[in-house]
Amino acid sequence: MTDLLQIEHLDYQRNYHRILTDINLTLPAGQIVGLLGANGAGKTTLMRLIAGVAPHFRGSITVAGATAIAARKAVVSYSALLAGAPANARLEQLALFCERLYPDFAFAHFQQLATEFALDCHAKLSTLSKGNQRKFTIALTLARRSQLYLLDEPFDGIDSMTRKKILAGIIQWKPDAATMVISDHHVGDIANLLDSVVIIKDQRIVAHERADTIRETHHQSIEDYYEALYEEAQS
Amino acid sequence: MTHFRHYFAACLRQRTRLFGFACGLEVAIVAGIIFLMAIGWINSDLSVDSAQGALVSGGILAAIVLYIRLAAFTEHTWGRNLDRLVPISESARYTANQLATLVWFCAFFLLQIVLWNLFAVLDGGAFNFTSGDWGFGSWLLAVLTLSFLWGFVLVSLVHLLTTLITTFLPGRRQKLVTQVLYVLVAIAVIWFINWVIDLITHIAGSALKGWFNHAFNVEGTHFGERPGILFIALAVFALIIAGFSAVNVYLLKHWTETQTQP
């Protein structure tokens with residue numbers, strides 16, 4: 001299998017606070033990967049670094065052969081797209097903005113997703129509930145035909161019915177060759193989707209294991225495996 | 001990758017509302033002044049002349065508001081995922097944003113000139129420009145355009161430098177520290193620019209000394225006779241802006257992160 005994402009010796013610190021230390025990670029194409037870790041472990045930071053919105057780091061990040069930040073952005077669809085977006089913008093305007101600026105954005109696909117999530121595209125961003133904002137973000141993120149999807153806690157604030165709908169749809173919407181990295185606190189909810197898990201703890205990647213291996217070799221569920229790793233370190 | 005013209009068009013579209021707001025504000029101010037004249041709160045007769053005065057006041061106030069809002073909007077763009085995730089080089093991103101900001105401000109400025117001249121014609125005046133007037137007018141327009149751009153570039157420089165310094169400070173009381181830093185960096189940038197101007201004046205010495213006087217006929221020379229030195233001055237000004245823009249692009253590319261909160 002071809003490697004889609006390669007991270008080598010990645011160090012990152014900000015405000016005298018080291019957030020990631022010597023991160024090495026290789027992800028093949030066509031996988032769904034769970035990025036797990038406690039609050040503040042560095043999951044969001046790692047995604048921001050891969051997406052290219054935090055440019056100052058040591059080490060190297062390569063996505064689909066691209067190391068330059070602009071080239072990386074062309075192949076990465078990141079769910080934090082709306083951070084800092086004007087609150088008075090209408091959903092349709094934001095979707096059109098994406099259509100004009102991302103060559104891989106499929107507007108028809110977005111509309112299909114928006115309909116499925118029961119989003120009113122004429123509504124203003126500021127009028128949406130937290131859950132609907134998440135749905136809109138997911139619709140925008142998945143409407144791109146990218147090679148790497150980064151979904152940062154995509155189900156936070158989303159009701160269980162929609163969560164199930166999205167989870168079921170992810171396999172359907174994701175292009176076969178694309179890799180999807182999902183971070184979520186509800187490990188149990190996404191466990192069935194995952195091909196592998198990456199666990200971050202104390203600024204480092206402490207485990208990168210295939211989901212099958214966890215179940216068959218360790219005889220544990222992904223949730224138990226993840227919790228055991230954290231408890232192990234505490235004791 | 002996103003094409004520059006697509007991103008530039010998007011940048012223009014993003015700022016349309018600000019232009020519309022400024023036009024609305026001007027109409028409101030002018031209407032307000034005329035209303036106050038009509039009810040006698042402002043001691044002036046209702047005439048084309050007084051309406052022109054109201055238009056000038058409204059235009060200047062609206063232009064100030066538009067300038068501040070455009071500068072703030074552009075400044076915020078550097079920290080917005082919506083813009084920073086677009087797959088385009090940082091130099092193209094920077095150019096598209098500054099250019100879009102400048103285009104809208106210049107459009108508003110030109111609109112004012114057209115309106116003022118229309119009122120002048122209504123008031124019995126006439127367009128009677130000589131070739132010298134057009135030459136001087138073009139030069140003045142170029143100076144003003146560069147000056148507007150210079151302001152936008154400096155606002156971004158202060159913002160980007162503040163962002164850079166904040167990265168190296170402890171994370172506590174970030175908001176307060178950032179606000180204090182904004183003031184300090186702004187003072188430092190102004191001081192630095194003064195120092196550079198002093199240095200250039202000192203080095204250039206007699207070559208630049210008095211160019212303004214020559215240009216404006218103070219020492220007996222008409223504008224049309226000495227256009228070269230003025231255009232050199234314009235070119236130097238443009239080069240200085242390009243230099244500061246290069247610093248901005250460097251800071252944007254290597255040091256400026258986006259906001260983490262929606």
# chains A, B, ... in the order shown; residues from 1 in each chain; ligands from 1
>>> interface_residues(of="chain A", to="chain B", cutoff="8 Å", atoms="only C-alpha atoms", output="list in words")
Arg14, Asn15, Tyr16, His17, Ala51, Gly52, Val53, Ala54, Pro55, His56, Ala70, Ala71, Arg72, Lys73, Ala74, Ala80, Leu81, Leu82, Ala83, Gly84, Ala85, Phe97, Arg100, Leu101, Tyr102 and Pro103 of chain A
>>> closest_residue(among="A:Arg90, A:Lys135, A:His9, A:Arg48", to="A:Asp22", atoms="only C-alpha atoms")
A:His9
>>> residues_around(residues="A:Tyr230", least_positions_apart="5", cutoff="12 Å", atoms="only C-alpha atoms", output="mmCIF file with C-alpha atoms, in the first residue's frame")
data_model
loop_
_atom_site.group_PDB
_atom_site.id
_atom_site.type_symbol
_atom_site.label_atom_id
_atom_site.label_comp_id
_atom_site.auth_asym_id
_atom_site.auth_seq_id
_atom_site.Cartn_x
_atom_site.Cartn_y
_atom_site.Cartn_z
ATOM 1 C CA LEU A 36 -6.924 9.237 20.176
ATOM 2 C CA GLY A 37 -5.688 11.057 23.236
ATOM 3 C CA ALA A 38 -6.821 12.954 26.303
ATOM 4 C CA ALA A 41 -2.643 15.698 24.290
ATOM 5 C CA ILE A 199 -2.625 7.241 20.403
ATOM 6 C CA ILE A 200 -0.985 10.462 21.565
ATOM 7 C CA LYS A 201 0.110 10.902 25.125
ATOM 8 C CA ASP A 202 2.626 13.176 26.838
ATOM 9 C CA VAL A 206 2.710 6.027 22.208
ATOM 10 C CA ALA A 207 0.915 3.526 19.984
ATOM 11 C CA GLU A 223 -11.705 1.548 23.723
ATOM 12 C CA ASP A 224 -10.229 -0.871 26.287
ATOM 13 C CA TYR A 225 -6.849 -0.812 24.566
ATOM 14 C CA SER A 235 -0.008 3.528 37.722
#
>>> closest_residue(among="A:Gly34, A:Arg134, A:Lys174, A:Leu150", to="A:His186", atoms="only C-alpha atoms")
A:Gly34
>>> residues_around(residues="A:Gln13", least_positions_apart="6", cutoff="8 Å", atoms="only C-alpha atoms", output="mmCIF file with C-alpha atoms, in the first residue's frame")
data_model
loop_
_atom_site.group_PDB
_atom_site.id
_atom_site.type_symbol
_atom_site.label_atom_id
_atom_site.label_comp_id
_atom_site.auth_asym_id
_atom_site.auth_seq_id
_atom_site.Cartn_x
_atom_site.Cartn_y
_atom_site.Cartn_z
ATOM 1 C CA ILE A 19 3.156 20.353 22.626
ATOM 2 C CA LEU A 20 4.574 17.627 20.362
ATOM 3 C CA PHE A 57 7.666 23.453 13.459
#
>>> closest_residue(among="B:Leu144, B:Val249, B:Met37, B:Leu154", to="B:Ala96", atoms="only C-alpha atoms")
B:Val249
>>> closest_residue(among="B:Phe109, B:Tyr94, B:Phe148, B:Phe35", to="B:Leu160", atoms="only C-alpha atoms")
B:Tyr94
>>> atom_distance(atom1="atom CA of A:Gly169", atom2="atom CA of A:Gln133")
18.0 Å
>>> residues_around(residues="stretch 46-60 of chain B", least_positions_apart="3", cutoff="10 Å", atoms="only C-alpha atoms", output="short mmCIF file (atom, residue, chain, number, x, y, z; two decimals) with N, CA, C and O atoms, in the first residue's frame")
data_model
loop_
_atom_site.label_atom_id
_atom_site.label_comp_id
_atom_site.auth_asym_id
_atom_site.auth_seq_id
_atom_site.Cartn_x
_atom_site.Cartn_y
_atom_site.Cartn_z
N ALA B 22 -20.07 51.57 3.79
CA ALA B 22 -19.52 52.93 3.73
C ALA B 22 -20.43 53.84 2.91
O ALA B 22 -20.67 54.99 3.29
N CYS B 23 -20.94 53.32 1.79
CA CYS B 23 -21.85 54.12 0.95
C CYS B 23 -23.12 54.46 1.75
O CYS B 23 -23.58 55.61 1.73
N LEU B 25 -23.42 54.59 4.97
CA LEU B 25 -23.06 55.53 6.04
C LEU B 25 -22.98 56.96 5.50
O LEU B 25 -23.48 57.90 6.13
N GLU B 26 -22.39 57.09 4.32
CA GLU B 26 -22.27 58.42 3.72
C GLU B 26 -23.66 59.01 3.43
O GLU B 26 -23.92 60.17 3.75
N VAL B 27 -24.51 58.18 2.86
CA VAL B 27 -25.88 58.65 2.56
C VAL B 27 -26.57 59.09 3.85
O VAL B 27 -27.20 60.15 3.91
N ALA B 28 -26.40 58.29 4.91
CA ALA B 28 -27.03 58.60 6.20
C ALA B 28 -26.50 59.92 6.76
O ALA B 28 -27.27 60.75 7.25
N ILE B 29 -25.18 60.11 6.68
CA ILE B 29 -24.59 61.35 7.21
C ILE B 29 -25.07 62.56 6.43
O ILE B 29 -25.49 63.57 7.00
N VAL B 30 -25.02 62.43 5.09
CA VAL B 30 -25.45 63.56 4.24
C VAL B 30 -26.93 63.88 4.50
O VAL B 30 -27.30 65.04 4.70
N ALA B 31 -27.75 62.82 4.54
CA ALA B 31 -29.19 63.02 4.80
C ALA B 31 -29.38 63.65 6.17
O ALA B 31 -30.22 64.57 6.33
N GLY B 32 -28.60 63.22 7.15
CA GLY B 32 -28.69 63.77 8.50
C GLY B 32 -28.35 65.25 8.53
O GLY B 32 -29.08 66.06 9.13
N ILE B 33 -27.25 65.61 7.84
CA ILE B 33 -26.82 67.01 7.82
C ILE B 33 -27.89 67.88 7.13
O ILE B 33 -28.26 68.94 7.63
N ILE B 34 -28.40 67.37 5.99
CA ILE B 34 -29.42 68.15 5.25
C ILE B 34 -30.69 68.29 6.09
O ILE B 34 -31.31 69.37 6.14
N PHE B 35 -31.05 67.21 6.79
CA PHE B 35 -32.23 67.27 7.67
C PHE B 35 -32.04 68.33 8.76
O PHE B 35 -32.94 69.12 9.05
N MET B 37 -30.15 70.89 8.60
CA MET B 37 -30.22 72.22 7.97
C MET B 37 -31.68 72.62 7.78
O MET B 37 -32.07 73.76 8.03
N ALA B 38 -32.46 71.63 7.31
CA ALA B 38 -33.87 71.90 7.01
C ALA B 38 -34.65 72.31 8.25
O ALA B 38 -35.52 73.19 8.19
N GLY B 40 -33.33 73.66 10.82
CA GLY B 40 -32.71 74.85 11.39
C GLY B 40 -31.71 74.61 12.50
O GLY B 40 -31.24 75.55 13.15
N ASN B 43 -27.07 76.22 11.09
CA ASN B 43 -27.39 77.54 10.57
C ASN B 43 -26.82 77.73 9.17
O ASN B 43 -25.74 78.26 8.98
N ALA B 63 -15.15 57.54 4.54
CA ALA B 63 -13.86 57.03 4.05
C ALA B 63 -12.98 56.58 5.22
O ALA B 63 -12.32 55.54 5.14
N ILE B 64 -13.00 57.36 6.31
CA ILE B 64 -12.20 57.00 7.49
C ILE B 64 -12.69 55.66 8.05
O ILE B 64 -11.90 54.75 8.33
N VAL B 65 -14.02 55.55 8.17
CA VAL B 65 -14.60 54.30 8.70
C VAL B 65 -14.26 53.12 7.78
O VAL B 65 -13.85 52.05 8.23
N LEU B 66 -14.41 53.35 6.46
CA LEU B 66 -14.11 52.27 5.51
C LEU B 66 -12.64 51.84 5.60
O LEU B 66 -12.34 50.64 5.58
N PHE B 108 -14.04 53.74 -3.60
CA PHE B 108 -14.82 54.68 -2.78
C PHE B 108 -14.28 56.10 -2.95
O PHE B 108 -15.04 57.06 -3.07
N PHE B 109 -12.96 56.21 -2.96
CA PHE B 109 -12.30 57.50 -3.11
C PHE B 109 -12.66 58.13 -4.45
O PHE B 109 -13.00 59.32 -4.52
N LEU B 111 -15.24 57.46 -6.28
CA LEU B 111 -16.66 57.78 -6.25
C LEU B 111 -16.87 59.17 -5.65
O LEU B 111 -17.68 59.97 -6.14
N GLN B 112 -16.10 59.46 -4.59
CA GLN B 112 -16.20 60.78 -3.96
C GLN B 112 -15.78 61.88 -4.92
O GLN B 112 -16.43 62.92 -5.02
N ILE B 113 -14.68 61.64 -5.65
CA ILE B 113 -14.18 62.65 -6.59
C ILE B 113 -15.25 62.92 -7.66
O ILE B 113 -15.53 64.08 -7.99
N LEU B 115 -18.50 62.43 -7.40
CA LEU B 115 -19.64 63.13 -6.79
C LEU B 115 -19.34 64.60 -6.55
O LEU B 115 -20.16 65.48 -6.83
N TRP B 116 -18.16 64.88 -6.03
CA TRP B 116 -17.79 66.27 -5.74
C TRP B 116 -17.77 67.09 -7.02
O TRP B 116 -18.20 68.22 -7.06
N ASN B 117 -17.21 66.48 -8.10
CA ASN B 117 -17.16 67.20 -9.37
C ASN B 117 -18.55 67.41 -9.96
O ASN B 117 -18.81 68.45 -10.56
N LEU B 118 -19.42 66.41 -9.77
CA LEU B 118 -20.80 66.57 -10.26
C LEU B 118 -21.47 67.75 -9.58
O LEU B 118 -22.14 68.56 -10.22
N PHE B 119 -21.26 67.84 -8.28
CA PHE B 119 -21.83 68.97 -7.54
C PHE B 119 -21.23 70.29 -7.99
O PHE B 119 -21.91 71.30 -8.06
N ALA B 120 -19.92 70.25 -8.30
CA ALA B 120 -19.26 71.48 -8.77
C ALA B 120 -19.88 71.93 -10.08
O ALA B 120 -20.11 73.12 -10.30
N LEU B 122 -22.97 71.19 -11.07
CA LEU B 122 -24.32 71.67 -10.73
C LEU B 122 -24.29 73.08 -10.19
O LEU B 122 -25.22 73.87 -10.38
N ASP B 123 -23.18 73.39 -9.53
CA ASP B 123 -23.04 74.70 -8.89
C ASP B 123 -22.53 75.77 -9.89
O ASP B 123 -22.15 76.86 -9.50
N GLY B 124 -22.46 75.37 -11.15
CA GLY B 124 -22.06 76.34 -12.17
C GLY B 124 -20.62 76.23 -12.61
O GLY B 124 -20.17 76.96 -13.49
#
>>> residues_around(residues="A:Lys165", least_positions_apart="3", cutoff="12 Å", atoms="only C-alpha atoms", output="ChimeraX atom specification")
/A:113,116-118,135,155,158-162,168-173,189
>>> write_last_selection(atoms="N, CA and C atoms", output="mmCIF file, in the first residue's frame")
data_model
loop_
_atom_site.group_PDB
_atom_site.id
_atom_site.type_symbol
_atom_site.label_atom_id
_atom_site.label_comp_id
_atom_site.auth_asym_id
_atom_site.auth_seq_id
_atom_site.Cartn_x
_atom_site.Cartn_y
_atom_site.Cartn_z
ATOM 1 N N LEU A 113 -25.240 16.365 0.902
ATOM 2 C CA LEU A 113 -24.935 16.208 2.329
ATOM 3 C C LEU A 113 -25.783 17.151 3.181
ATOM 4 N N GLU A 116 -29.210 15.888 3.480
ATOM 5 C CA GLU A 116 -29.239 14.737 4.377
ATOM 6 C C GLU A 116 -29.164 15.159 5.852
ATOM 7 N N PHE A 117 -28.409 16.243 6.115
ATOM 8 C CA PHE A 117 -28.268 16.734 7.493
ATOM 9 C C PHE A 117 -29.365 17.744 7.858
ATOM 10 N N ALA A 118 -30.301 17.957 6.954
ATOM 11 C CA ALA A 118 -31.409 18.901 7.159
ATOM 12 C C ALA A 118 -30.915 20.307 7.496
ATOM 13 N N LYS A 135 -22.403 19.843 11.700
ATOM 14 C CA LYS A 135 -22.926 19.162 10.506
ATOM 15 C C LYS A 135 -22.483 19.906 9.248
ATOM 16 N N PHE A 155 -17.966 14.933 15.803
ATOM 17 C CA PHE A 155 -19.297 14.585 16.321
ATOM 18 C C PHE A 155 -19.646 15.314 17.616
ATOM 19 N N ILE A 158 -23.224 16.785 18.213
ATOM 20 C CA ILE A 158 -24.175 16.222 17.244
ATOM 21 C C ILE A 158 -25.014 15.138 17.927
ATOM 22 N N ASP A 159 -26.327 15.166 17.681
ATOM 23 C CA ASP A 159 -27.213 14.190 18.322
ATOM 24 C C ASP A 159 -26.913 12.775 17.816
ATOM 25 N N SER A 160 -27.314 11.795 18.614
ATOM 26 C CA SER A 160 -26.911 10.410 18.332
ATOM 27 C C SER A 160 -27.445 9.907 16.987
ATOM 28 N N MET A 161 -28.641 10.375 16.601
ATOM 29 C CA MET A 161 -29.205 9.913 15.323
ATOM 30 C C MET A 161 -28.357 10.396 14.142
ATOM 31 N N THR A 162 -28.007 11.696 14.171
ATOM 32 C CA THR A 162 -27.187 12.250 13.084
ATOM 33 C C THR A 162 -25.796 11.626 13.105
ATOM 34 N N ALA A 168 -22.315 6.090 9.300
ATOM 35 C CA ALA A 168 -22.661 5.125 8.246
ATOM 36 C C ALA A 168 -22.279 5.670 6.879
ATOM 37 N N GLY A 169 -22.421 7.002 6.751
ATOM 38 C CA GLY A 169 -22.159 7.606 5.445
ATOM 39 C C GLY A 169 -20.683 7.799 5.129
ATOM 40 N N ILE A 170 -19.834 7.892 6.160
ATOM 41 C CA ILE A 170 -18.416 8.186 5.939
ATOM 42 C C ILE A 170 -17.784 7.190 4.956
ATOM 43 N N ILE A 171 -18.124 5.920 5.149
ATOM 44 C CA ILE A 171 -17.567 4.884 4.266
ATOM 45 C C ILE A 171 -18.052 5.113 2.832
ATOM 46 N N GLN A 172 -19.297 5.520 2.725
ATOM 47 C CA GLN A 172 -19.878 5.754 1.406
ATOM 48 C C GLN A 172 -19.276 6.995 0.728
ATOM 49 N N TRP A 173 -19.073 8.087 1.506
ATOM 50 C CA TRP A 173 -18.615 9.353 0.930
ATOM 51 C C TRP A 173 -17.115 9.391 0.679
ATOM 52 N N ASP A 189 -17.859 4.924 19.752
ATOM 53 C CA ASP A 189 -18.745 5.255 18.618
ATOM 54 C C ASP A 189 -18.075 5.052 17.265
#
>>> select_by_dssp(residues="stretch 52-169 of chain A", states="strand (DSSP E)", output="list in words")
Arg58, Gly59, Ser60, Ile61, Thr62, Val63, Val76, Ser77, Tyr78, Leu148, Tyr149, Leu150, Leu151 and Asp152 of chain A
>>> write_last_selection(atoms="C-alpha atoms", output="JSON list (two decimals), in the first residue's frame")
[["chain", "number", "residue", "atom", "x", "y", "z"],
["A", 58, "ARG", "CA", 10.75, 21.25, 13.29],
["A", 59, "GLY", "CA", 10.82, 18.07, 11.25],
["A", 60, "SER", "CA", 9.04, 17.21, 8.04],
["A", 61, "ILE", "CA", 5.45, 16.55, 6.94],
["A", 62, "THR", "CA", 4.73, 15.01, 3.55],
["A", 63, "VAL", "CA", 1.23, 14.42, 2.19],
["A", 76, "VAL", "CA", -5.89, 17.94, 2.64],
["A", 77, "SER", "CA", -9.48, 18.64, 3.66],
["A", 78, "TYR", "CA", -9.51, 19.86, 7.26],
["A", 148, "LEU", "CA", -6.47, 13.19, 3.17],
["A", 149, "TYR", "CA", -9.39, 14.16, 5.42],
["A", 150, "LEU", "CA", -8.76, 15.48, 8.90],
["A", 151, "LEU", "CA", -11.88, 15.40, 11.09],
["A", 152, "ASP", "CA", -11.20, 17.00, 14.46]]
>>> closest_residue(among="B:Leu161, B:Ile241, B:Tyr182, B:Tyr250", to="B:Gln98", atoms="only C-alpha atoms")
B:Ile241
>>> select_by_dssp(residues="stretch 152-212 of chain B", states="alpha helix (DSSP H)", output="ChimeraX atom specification")
/B:152-167,174-204,211-212
>>> atom_distance(atom1="atom CA of B:Asn97", atom2="atom CA of B:Trp78")
9.4 Å
>>> atom_distance(atom1="atom CA of A:Ile182", atom2="atom CA of A:Leu46")
11.8 Å
